[in-house]
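Student: TSV, C-alpha atoms, file query.tsv:
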```tsv
chain	number	residue	atom	x	y	z
A	1	MET	CA	128.39	61.62	96.99
A	2	ASP	CA	129.75	64.89	98.34
A	3	THR	CA	127.48	67.87	97.76
A	4	LEU	CA	129.17	70.38	95.45
A	5	LYS	CA	128.00	73.92	94.85
A	6	ALA	CA	127.84	75.07	91.24
A	7	GLU	CA	130.55	77.64	90.53
A	8	PRO	CA	130.44	80.15	87.66
A	9	ILE	CA	133.63	80.06	85.57
A	10	GLU	CA	135.16	82.25	82.87
A	11	LEU	CA	136.85	80.29	80.10
A	12	GLN	CA	139.26	82.25	77.90
A	13	GLY	CA	141.50	79.53	76.48
A	14	LEU	CA	142.11	75.80	76.18
A	15	LYS	CA	144.46	75.70	79.18
A	16	GLU	CA	141.59	76.70	81.47
A	17	LEU	CA	139.75	73.49	80.55
A	18	LYS	CA	142.32	71.24	82.19
A	19	GLU	CA	140.79	71.32	85.68
A	20	MET	CA	137.51	70.19	84.18
A	21	LEU	CA	139.01	67.56	81.91
A	22	VAL	CA	140.84	65.63	84.64
A	23	SER	CA	137.48	64.80	86.26
A	24	GLU	CA	136.56	61.13	86.52
A	25	GLY	CA	133.24	60.07	85.03
A	26	PRO	CA	130.43	59.93	84.78
A	27	CYS	CA	130.43	63.42	83.31
A	28	ILE	CA	127.29	65.29	82.24
A	29	SER	CA	127.60	68.26	79.86
A	30	ALA	CA	124.58	70.42	79.00
A	31	TYR	CA	124.27	73.26	76.49
A	32	LEU	CA	121.21	75.44	76.00
A	33	PRO	CA	120.81	78.44	73.64
A	34	LEU	CA	118.72	81.09	75.37
A	35	ASN	CA	115.46	82.43	73.97
A	36	SER	CA	116.01	85.94	75.24
A	37	GLU	CA	118.88	88.08	76.47
A	38	SER	CA	116.53	90.40	78.38
A	39	PRO	CA	115.91	89.86	82.12
A	40	GLY	CA	112.58	88.27	82.88
A	41	GLN	CA	111.68	87.47	79.27
A	42	ASN	CA	111.11	83.93	78.06
A	43	THR	CA	112.59	82.42	81.24
A	44	ARG	CA	109.65	80.01	81.39
A	45	ILE	CA	110.46	78.77	77.87
A	46	ASP	CA	114.13	78.37	78.81
A	47	ALA	CA	113.13	76.38	81.90
A	48	LEU	CA	110.92	74.05	79.85
A	49	GLU	CA	113.62	73.52	77.24
A	50	TRP	CA	116.18	72.87	79.98
A	51	LYS	CA	113.97	70.11	81.38
A	52	GLU	CA	113.40	68.64	77.93
A	53	LEU	CA	117.12	68.68	77.25
A	54	PHE	CA	117.76	65.75	79.62
A	55	ARG	CA	115.04	63.40	78.41
A	56	GLY	CA	117.28	62.06	75.67
A	57	ILE	CA	120.08	61.00	78.03
A	58	GLU	CA	118.08	59.41	80.87
A	59	THR	CA	118.69	55.90	79.55
A	60	ASN	CA	122.42	56.56	79.23
A	61	VAL	CA	122.56	58.06	82.71
A	62	ASP	CA	120.81	54.99	84.12
A	63	GLN	CA	123.81	52.89	83.05
A	64	TYR	CA	125.80	54.70	85.76
A	65	GLY	CA	123.29	53.67	88.42
A	66	ALA	CA	122.40	55.83	91.41
A	67	LYS	CA	125.51	57.97	90.95
A	68	GLY	CA	124.45	59.04	87.47
A	69	ARG	CA	120.85	59.74	88.47
A	70	GLU	CA	121.99	61.87	91.41
A	71	LEU	CA	124.24	63.91	89.14
A	72	LEU	CA	121.38	64.49	86.74
A	73	ARG	CA	119.03	65.60	89.53
A	74	SER	CA	121.62	68.11	90.75
A	75	ILE	CA	121.49	70.08	87.50
A	76	ALA	CA	117.83	69.57	86.54
A	77	ASP	CA	116.51	72.77	88.16
A	78	TRP	CA	116.79	75.71	85.76
A	79	LYS	CA	116.40	78.21	88.60
A	80	ALA	CA	119.82	77.25	89.92
A	81	PHE	CA	121.43	78.86	86.87
A	82	ALA	CA	118.92	81.57	85.82
A	83	PRO	CA	120.51	84.87	86.95
A	84	GLU	CA	118.43	87.61	88.51
A	85	GLY	CA	120.08	90.28	86.38
A	86	GLY	CA	119.59	88.37	83.16
A	87	PRO	CA	122.03	86.21	81.16
A	88	ARG	CA	125.47	87.42	80.14
A	89	GLY	CA	125.66	85.37	76.98
A	90	ARG	CA	123.65	83.69	74.26
A	91	SER	CA	123.98	80.14	75.60
A	92	LEU	CA	124.45	78.41	78.93
A	93	ALA	CA	126.83	75.49	79.49
A	94	VAL	CA	126.77	73.34	82.65
A	95	PHE	CA	129.29	70.64	83.60
A	96	ARG	CA	128.72	68.06	86.34
A	97	SER	CA	130.75	65.08	87.55
A	98	PRO	CA	131.24	63.54	91.02
A	99	ASN	CA	134.03	66.02	91.77
A	100	TYR	CA	133.28	68.95	89.45
A	101	PHE	CA	130.29	71.30	89.14
A	102	ALA	CA	130.52	74.50	87.10
A	103	TRP	CA	128.64	76.61	84.58
A	104	THR	CA	129.53	79.34	82.13
A	105	TRP	CA	128.01	81.69	79.56
A	106	LEU	CA	128.87	81.32	75.89
A	107	GLY	CA	129.05	84.33	73.59
A	108	GLU	CA	127.46	82.51	70.68
A	109	SER	CA	124.30	80.45	70.29
A	110	VAL	CA	125.05	76.71	70.22
A	111	PRO	CA	122.71	73.78	69.47
A	112	PRO	CA	120.87	72.42	72.53
A	113	ARG	CA	122.52	69.24	73.72
A	114	ALA	CA	123.05	67.11	76.84
A	115	VAL	CA	125.73	64.40	76.89
A	116	ALA	CA	126.55	61.83	79.58
A	117	GLY	CA	129.79	59.92	79.21
A	118	PRO	CA	133.20	59.09	80.64
A	119	ARG	CA	134.51	62.58	79.80
A	120	PHE	CA	133.03	66.06	79.44
A	121	TYR	CA	131.77	67.00	75.99
A	122	ILE	CA	133.66	70.19	75.05
A	123	ARG	CA	133.30	70.52	71.28
A	124	PRO	CA	130.75	73.39	71.49
A	125	LEU	CA	133.36	75.36	73.49
A	126	LEU	CA	136.17	74.95	70.98
A	127	PRO	CA	135.31	77.58	68.32
A	128	ASP	CA	135.31	80.41	70.89
A	129	LEU	CA	138.31	79.19	72.86
A	130	THR	CA	140.53	78.44	69.86
A	131	ARG	CA	139.73	81.68	68.05
A	132	GLY	CA	140.18	83.86	71.14
A	133	ARG	CA	137.10	84.43	73.23
A	134	GLU	CA	138.72	87.47	74.82
A	135	PHE	CA	141.06	89.97	73.20
A	136	TYR	CA	142.43	93.45	73.77
A	137	ILE	CA	142.57	96.52	71.54
A	138	LEU	CA	145.37	99.06	71.83
A	139	ALA	CA	144.04	102.23	70.20
A	140	LEU	CA	147.03	104.36	69.15
A	141	SER	CA	146.47	108.10	69.19
A	142	GLN	CA	148.93	110.86	69.95
A	143	LYS	CA	146.18	112.63	71.88
A	144	ASP	CA	145.11	109.69	74.01
A	145	VAL	CA	146.25	106.06	73.77
A	146	ARG	CA	143.54	103.71	75.08
A	147	MET	CA	143.27	100.01	75.81
A	148	LEU	CA	140.04	98.03	75.67
A	149	ARG	CA	139.14	94.54	76.89
A	150	CYS	CA	136.77	92.83	74.45
A	151	ASN	CA	134.86	89.68	73.71
A	152	SER	CA	132.65	88.81	70.76
A	153	ARG	CA	129.84	91.04	72.04
A	154	THR	CA	131.22	93.82	74.20
A	155	SER	CA	134.20	96.07	74.81
A	156	GLU	CA	135.22	98.18	77.79
A	157	GLU	CA	138.09	100.57	78.33
A	158	ILE	CA	140.58	99.53	81.00
A	159	ALA	CA	143.18	101.61	82.82
A	160	PHE	CA	146.89	101.26	82.18
A	161	ALA	CA	149.27	100.39	84.98
A	162	PRO	CA	150.19	103.43	87.12
A	163	GLY	CA	152.74	105.81	85.63
A	164	VAL	CA	151.85	105.36	81.96
A	165	ILE	CA	151.43	108.66	80.10
A	166	THR	CA	148.86	108.26	77.32
A	167	SER	CA	149.18	111.71	75.67
A	168	PHE	CA	152.18	112.40	73.44
A	169	ASP	CA	152.14	116.14	74.26
A	170	ALA	CA	152.00	115.45	78.00
A	171	TRP	CA	154.87	112.97	77.66
A	172	MET	CA	156.95	115.51	75.70
A	173	ASN	CA	156.46	118.04	78.48
A	174	THR	CA	157.45	115.68	81.27
A	175	SER	CA	159.40	112.67	80.09
A	176	LYS	CA	160.98	113.18	76.67
A	177	PRO	CA	164.63	112.04	76.28
A	178	ASP	CA	167.11	114.63	77.56
A	179	HIS	CA	168.99	115.58	74.42
A	180	THR	CA	168.98	118.35	71.83
A	181	THR	CA	168.54	117.81	68.14
A	182	ASP	CA	171.36	118.59	65.78
A	183	SER	CA	168.91	119.78	63.15
A	184	MET	CA	168.11	122.98	65.02
A	185	ALA	CA	170.16	126.16	64.55
A	186	THR	CA	169.53	129.66	65.86
A	187	GLY	CA	169.84	132.78	63.76
A	188	GLY	CA	172.35	134.23	66.22
A	189	PRO	CA	172.68	138.00	66.12
A	190	SER	CA	170.23	138.50	63.26
A	191	THR	CA	168.51	141.83	63.13
A	192	GLY	CA	165.20	143.09	61.94
A	193	HIS	CA	162.12	140.93	61.65
A	194	MET	CA	164.27	137.72	61.55
A	195	LYS	CA	165.88	138.39	64.92
A	196	GLY	CA	165.80	135.35	67.24
A	197	VAL	CA	164.07	133.04	64.74
A	198	ILE	CA	164.92	129.29	65.05
A	199	PHE	CA	165.54	127.67	61.69
A	200	THR	CA	164.74	123.98	61.26
A	201	THR	CA	165.24	121.41	58.53
A	202	SER	CA	163.11	118.57	57.19
A	203	SER	CA	164.79	116.32	59.73
A	204	ASP	CA	162.40	117.74	62.34
A	205	ARG	CA	159.92	115.14	61.19
A	206	GLU	CA	162.54	112.46	61.85
A	207	ASP	CA	163.10	113.92	65.31
A	208	LYS	CA	159.40	113.70	66.05
A	209	GLY	CA	159.43	110.11	64.85
A	210	GLU	CA	162.25	109.37	67.29
A	211	TYR	CA	160.36	111.02	70.16
A	212	LEU	CA	157.19	109.17	69.17
A	213	ALA	CA	159.12	105.88	69.27
A	214	HIS	CA	160.27	106.70	72.82
A	215	PHE	CA	156.66	107.55	73.72
A	216	PHE	CA	155.47	104.22	72.33
A	217	ARG	CA	158.18	102.37	74.25
A	218	GLN	CA	156.76	103.56	77.54
A	219	ILE	CA	153.29	102.62	76.28
A	220	ASP	CA	154.67	99.16	75.47
A	221	ARG	CA	156.06	98.83	78.99
A	222	GLY	CA	152.65	99.81	80.34
A	223	VAL	CA	150.92	97.26	78.12
A	224	ASN	CA	153.19	94.47	79.36
A	225	GLU	CA	152.60	95.45	82.98
A	226	THR	CA	148.83	95.81	82.54
A	227	LEU	CA	148.47	92.50	80.68
A	228	ARG	CA	150.95	90.53	82.76
A	229	GLY	CA	149.86	86.88	82.86
A	230	LYS	CA	147.22	87.38	80.15
A	231	THR	CA	147.38	85.26	76.99
A	232	ALA	CA	144.60	86.89	74.96
A	233	PRO	CA	145.68	88.50	71.66
A	234	LEU	CA	146.34	92.23	71.43
A	235	ILE	CA	144.99	94.04	68.35
A	236	LEU	CA	146.50	97.37	67.30
A	237	ALA	CA	144.25	100.13	65.96
A	238	GLY	CA	145.68	103.25	64.35
A	239	VAL	CA	146.97	104.95	61.22
A	240	ASP	CA	149.60	103.12	59.15
A	241	TYR	CA	152.59	105.23	60.25
A	242	GLU	CA	151.90	104.75	63.95
A	243	LEU	CA	151.06	101.06	63.52
A	244	ALA	CA	154.42	100.44	61.80
A	245	LEU	CA	156.33	102.46	64.40
A	246	TYR	CA	154.69	100.71	67.34
A	247	ARG	CA	155.46	97.27	65.92
A	248	ILE	CA	159.16	98.18	65.88
A	249	VAL	CA	159.22	98.90	69.62
A	250	ASN	CA	156.67	96.26	70.72
A	251	THR	CA	157.79	93.54	73.15
A	252	HIS	CA	154.36	92.12	74.05
A	253	PRO	CA	154.35	88.41	73.09
A	254	ASN	CA	150.68	88.24	72.06
A	255	LEU	CA	150.55	91.12	69.57
A	256	ALA	CA	148.40	90.00	66.63
A	257	GLU	CA	149.64	90.30	63.06
A	258	GLU	CA	146.25	91.58	61.92
A	259	CYS	CA	145.21	95.11	62.93
A	260	VAL	CA	142.55	97.80	62.57
A	261	ARG	CA	143.59	100.56	60.18
A	262	GLY	CA	142.24	104.06	60.71
A	263	ALA	CA	142.33	106.77	63.35
A	264	PRO	CA	140.59	105.23	66.41
A	265	ASN	CA	139.01	108.54	67.41
A	266	GLY	CA	137.44	108.82	63.96
A	267	LEU	CA	135.66	105.48	64.07
A	268	LYS	CA	131.97	105.44	64.93
A	269	ALA	CA	130.71	103.84	68.13
A	270	GLY	CA	131.31	100.12	67.95
A	271	GLY	CA	133.24	100.44	64.69
A	272	MET	CA	136.65	99.71	66.18
A	273	HIS	CA	135.29	96.67	68.03
A	274	ALA	CA	133.63	95.34	64.87
A	275	ARG	CA	136.82	95.76	62.84
A	276	ALA	CA	138.84	94.10	65.59
A	277	LEU	CA	136.52	91.08	65.45
A	278	GLU	CA	137.14	90.90	61.71
A	279	ALA	CA	140.90	91.04	62.38
A	280	ILE	CA	140.60	88.18	64.88
A	281	LEU	CA	138.71	86.13	62.30
A	282	ARG	CA	141.30	86.88	59.58
A	283	ALA	CA	144.11	85.86	61.92
A	284	SER	CA	142.30	82.62	62.77
A	285	GLU	CA	141.76	81.81	59.09
A	286	LYS	CA	145.41	82.47	58.28
A	287	LYS	CA	146.51	80.25	61.15
A	288	ILE	CA	144.31	77.40	59.93
A	289	GLU	CA	145.58	77.77	56.35
A	290	ALA	CA	149.17	77.59	57.65
A	291	LEU	CA	148.37	74.47	59.70
A	292	LEU	CA	146.71	72.79	56.72
A	293	ALA	CA	149.82	73.50	54.66
A	294	GLU	CA	151.99	72.04	57.44
A	295	TYR	CA	149.75	68.98	57.58
A	296	ASN	CA	150.07	68.43	53.83
A	297	HIS	CA	153.85	68.73	54.10
A	298	LYS	CA	154.08	66.19	56.94
A	299	ALA	CA	151.31	63.79	55.87
A	300	GLY	CA	152.50	60.24	56.30
A	301	GLY	CA	154.90	59.73	59.21
A	302	GLY	CA	154.52	63.17	60.80
A	303	ALA	CA	150.80	63.70	60.31
A	304	SER	CA	147.70	61.57	59.80
A	305	ASN	CA	143.92	61.64	59.34
A	306	ARG	CA	143.36	58.03	60.43
A	307	LEU	CA	140.92	58.05	63.34
A	308	LYS	CA	142.27	55.12	65.34
A	309	ASP	CA	145.89	56.24	64.99
A	310	ILE	CA	145.03	59.77	66.09
A	311	VAL	CA	142.99	58.70	69.15
A	312	LYS	CA	145.84	56.45	70.33
A	313	ALA	CA	148.43	59.16	69.66
A	314	ALA	CA	146.32	61.72	71.59
A	315	HIS	CA	146.22	59.39	74.63
A	316	ASP	CA	150.00	59.00	74.31
A	317	GLY	CA	150.53	62.77	74.24
A	318	ARG	CA	151.99	62.64	70.73
A	319	VAL	CA	149.52	65.02	69.09
A	320	LEU	CA	150.97	68.51	68.76
A	321	THR	CA	148.10	69.99	66.73
A	322	LEU	CA	144.64	68.53	66.25
A	323	LEU	CA	142.38	69.77	63.45
A	324	VAL	CA	138.72	68.87	63.97
A	325	SER	CA	135.72	69.20	61.69
A	326	ASP	CA	133.20	71.85	62.63
A	327	SER	CA	130.31	69.44	62.00
A	328	LEU	CA	131.16	65.72	61.77
A	329	GLU	CA	131.06	63.28	64.68
A	330	LEU	CA	132.32	59.71	65.10
A	331	THR	CA	130.82	57.72	67.96
A	332	GLY	CA	132.76	54.86	69.50
A	333	SER	CA	134.96	54.10	72.47
A	334	PHE	CA	138.59	53.88	73.55
A	335	ASP	CA	139.55	51.00	75.84
A	336	GLU	CA	142.51	52.10	77.97
A	337	THR	CA	143.09	48.51	79.14
A	338	THR	CA	143.52	46.98	75.70
A	339	TYR	CA	144.53	50.26	74.07
A	340	SER	CA	142.03	49.70	71.30
A	341	VAL	CA	139.61	51.99	69.50
A	342	LYS	CA	136.13	50.95	68.46
A	343	GLY	CA	134.88	53.30	65.80
A	344	ARG	CA	131.19	52.55	66.18
A	345	GLU	CA	128.55	52.57	68.92
A	346	SER	CA	128.78	49.68	71.35
A	347	GLY	CA	125.52	50.45	73.18
A	348	THR	CA	127.29	50.96	76.52
A	349	SER	CA	128.01	53.99	78.69
A	350	ASN	CA	131.54	54.08	77.28
A	351	ASP	CA	130.29	55.37	73.92
A	352	GLU	CA	131.35	58.91	73.15
A	353	ASP	CA	132.28	61.19	70.30
A	354	LEU	CA	135.81	60.04	69.49
A	355	ILE	CA	136.66	63.44	68.05
A	356	ASN	CA	135.80	64.94	71.44
A	357	ASP	CA	137.96	62.28	73.14
A	358	ALA	CA	140.92	63.14	70.90
A	359	ALA	CA	140.44	66.85	71.64
A	360	VAL	CA	140.30	66.22	75.41
A	361	GLN	CA	143.49	64.17	75.38
A	362	THR	CA	145.30	66.66	73.15
A	363	ILE	CA	144.49	69.51	75.56
A	364	LEU	CA	145.50	67.46	78.62
A	365	HIS	CA	148.88	66.82	76.97
A	366	ALA	CA	149.46	70.52	76.15
A	367	GLY	CA	148.62	70.22	72.46
A	368	GLN	CA	146.59	72.68	70.41
A	369	VAL	CA	143.13	72.14	68.91
A	370	TYR	CA	141.64	74.07	65.99
A	371	VAL	CA	138.15	73.88	64.51
A	372	VAL	CA	138.20	73.75	60.71
A	373	PRO	CA	135.29	74.13	58.26
A	374	ASN	CA	134.45	70.61	57.16
A	375	GLY	CA	135.00	71.48	53.50
A	376	LYS	CA	138.64	72.31	54.23
A	377	MET	CA	139.48	69.18	56.22
A	378	PRO	CA	142.18	67.05	54.51
A	379	ASN	CA	140.47	64.44	52.33
A	380	GLY	CA	137.17	65.25	54.03
A	381	ALA	CA	138.29	63.45	57.20
A	382	PRO	CA	136.53	64.37	60.48
A	383	LEU	CA	139.88	64.98	62.21
A	384	SER	CA	143.56	65.28	61.33
A	385	ALA	CA	146.66	65.48	63.49
A	386	ILE	CA	150.20	66.83	63.29
A	387	TYR	CA	152.43	64.78	65.58
A	388	ARG	CA	155.19	65.91	67.89
A	389	PHE	CA	157.30	63.16	66.35
A	390	ALA	CA	156.73	60.46	63.76
A	391	LEU	CA	153.99	57.96	64.53
A	392	ALA	CA	155.29	54.87	66.25
A	393	SER	CA	153.59	51.58	66.98
A	394	ALA	CA	151.51	51.78	70.15
A	395	PRO	CA	150.74	48.92	72.54
A	396	GLY	CA	147.80	46.90	71.28
A	397	SER	CA	147.91	48.35	67.77
```
The structure in this file should be written as structure tokens.
Tutor:
Amino acid sequence: MDTLKAEPIELQGLKELKEMLVSEGPCISAYLPLNSESPGQNTRIDALEWKELFRGIETNVDQYGAKGRELLRSIADWKAFAPEGGPRGRSLAVFRSPNYFAWTWLGESVPPRAVAGPRFYIRPLLPDLTRGREFYILALSQKDVRMLRCNSRTSEEIAFAPGVITSFDAWMNTSKPDHTTDSMATGGPSTGHMKGVIFTTSSDREDKGEYLAHFFRQIDRGVNETLRGKTAPLILAGVDYELALYRIVNTHPNLAEECVRGAPNGLKAGGMHARALEAILRASEKKIEALLAEYNHKAGGGASNRLKDIVKAAHDGRVLTLLVSDSLELTGSFDETTYSVKGRESGTSNDEDLINDAAVQTILHAGQVYVVPNGKMPNGAPLSAIYRFALASAPGS
């Protein structure tokens, strides 16, 4: 077996899993919640728990022979993943196959688990990746517009692309549209204490709104340039008037419907980030409710919660949207030769969580996967699917 070096990876969305998911088995996936986020603390406990993690899969790994045992040995040493500067997450995930070796930090604590099977076990990754592990905040302020890159734990301000003016007053002095407003009129040859006074009407407020819209347009251009190629959602933060005005001029494709209301400069430290996380969660909940309604509308020919039908459809690339339970598992196997699904353990190395298998195949075929609280799953099923087209008979069904 070729010797591979473990590579750290950053996973921000489902698409970034594809390189991992095309790996041929055997595949070993390991997840460990960390005992401490402080450098040098509890690393001995983490190392012991890491070693203990693999005891439960040794028999399964043995079914793959020398290849499986070599893969397991290559990830058994905790020191290979323990960073000198301390962890950058609450859990560690490691993935190893004959042609793939990578590890990543997870923002949330996940149950300890090691899995050996024909495909990587990715279900612990799905909540973060489907809800938006990374997102951006655009803090609207006439004094200073800011943009922040965030995850579930941290936020940091990032610079706009060159040429973006972030202060409304500075923009008015250098770049405002070259036209005069009809609402202004001079007093002409007035005399006395009114001499030279400029009279204005209430439409001045409308003029400022027009200028502010132009200012926001150049901010929008800067946002698109700065976030070019990024797919993470963008959350607006600001007062209602500016939020509504910015939405009119926005052209960024990933602007979230939910937002943070309130003057960004008036929020306490961490307050804007906390409210943005709440907005992300609200948006995720609304999306799931909409998908459940779509499922109910299409149930029958265009949607199903039958396990065997869904697994076959996922391998065919017919699953557009897969809804998976946040807690239930179904162990079995899919035989690609006979195109048959066995919905129970067979006692062989081909056993795997069939919900995980359906998720893997859905992602590989450019479908979407969403994690749903088990209590909201249609008819209490462990998984449900909305098809790209009506379910047709598959070979071997």
Student: Name the closest residue to Leu126 (chain A) among the candidates A:Lys67, A:Lys230, A:Lys15, A:Arg146; distances are taken between atoms, counting all atoms listed in the file.
Tutor: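 The answer is A:Lys15, which sits nearest to Leu126 (chain A).
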Student: Using Å and a single decimal, report how far CA of Leu140 (chain A) sits from CA of Asp240 (chain A).
Tutor: 10.4 Å
Student: Can you work out which one of A:Ala6, A:Val311, A:Met377, A:Val249 has the shortest atom-to-atom distance to Ala213 (chain A), counting all atoms listed in the file?
Tutor: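 Result for the nearest residue to Ala213 (chain A): A:Val249.
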Student: Could you work out an axis-aligned box for region 285-303 of chain A, taking every atom the file lists and adding 8 Å on each side, and report centre and edge lengths in Å to one decimal, as JSON?
Tutor:
```
{"center_x": 148.3, "center_y": 71.1, "center_z": 57.5, "size_x": 29.1, "size_y": 38.7, "size_z": 23.3}
```
Student: I want to know what sits within 7 Å of Pro233 (chain A), based on only C-alpha atoms, with residues of the same chain fewer than 4 positions away left out; could you give that as a PyMOL selection string?
Tutor: chain A and resi 135-136+254-256
Student: Mind giving me the straight-line distance from CA of Val22 (chain A) to CA of Arg131 (chain A) in Å, one decimal?
Tutor: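 About the pair CA of Val22 (chain A) and CA of Arg131 (chain A): they are 23.1 Å apart.
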Student: Separation of CA of Phe168 (chain A) and CA of Gly209 (chain A), in Å?
Tutor: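 Computing the Euclidean distance for CA of Phe168 (chain A) and CA of Gly209 (chain A) yields 11.5 Å.
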Student: Which neighbours of Arg96 (chain A) fall inside 10 Å, counting only C-alpha atoms, when residues of the same chain fewer than 2 positions from it are skipped, and could you give them as a list in words?
Tutor: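 Near neighbours after the sequence-gap exclusion: Leu4, Ala6, Met20, Ser23, Gly25, Pro26, Cys27, Ile28, Ser29, Ala30, Leu71, Leu72, Ser74, Ile75, Val94, Pro98, Asn99, Tyr100, Phe101, Ala102, Trp103, Ala116 and Phe120 of chain A.
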Student: Extract, using only C-alpha atoms, all DNA, RNA and protein residues at most 9 Å from Leu11 (chain A), discarding same-chain residues fewer than 4 positions from it, and format them as a list of chain:residue names.
Tutor: A:Lys15, A:Glu16, A:Leu17, A:Thr104, A:Trp105, A:Leu125, A:Leu129, A:Arg133
Student: Give the answer as one residue: which of A:Ser141, A:Thr231, A:Asn265, A:Gln12 has the shortest atom-to-atom distance to Tyr246 (chain A), using all atoms listed in the file?
Tutor: A:Ser141
Student: Which residues come within 9 Å of Ile363 (chain A), counting only C-alpha atoms, excluding same-chain residues fewer than 3 positions away, as a PyMOL selection string?
Tutor: chain A and resi 14-15+17-18+21+314+358-360+366-369
Student: Name the closest residue to Lys287 (chain A) among the candidates A:Ala244, A:Arg44, A:Val61, A:Thr321; distances are taken between atoms, counting all atoms listed in the file.
Tutor: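 With all atoms listed in the file as the atom set, the closest residue is A:Thr321.
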Student: Which residue out of A:Trp78, A:Tyr31, A:Tyr387, A:Phe95 has the minimum interatomic distance to Lys51 (chain A) when only C-alpha atoms are used?
Tutor: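 The answer is A:Trp78, which sits nearest to Lys51 (chain A).
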Student: For a cut-off of 8 Å around (160.6, 108.9, 75.7), file coordinates, pick out all residues using all atoms listed in the file and list them as a PyMOL selection string.
Tutor: chain A and resi 171-172+175-177+211-218
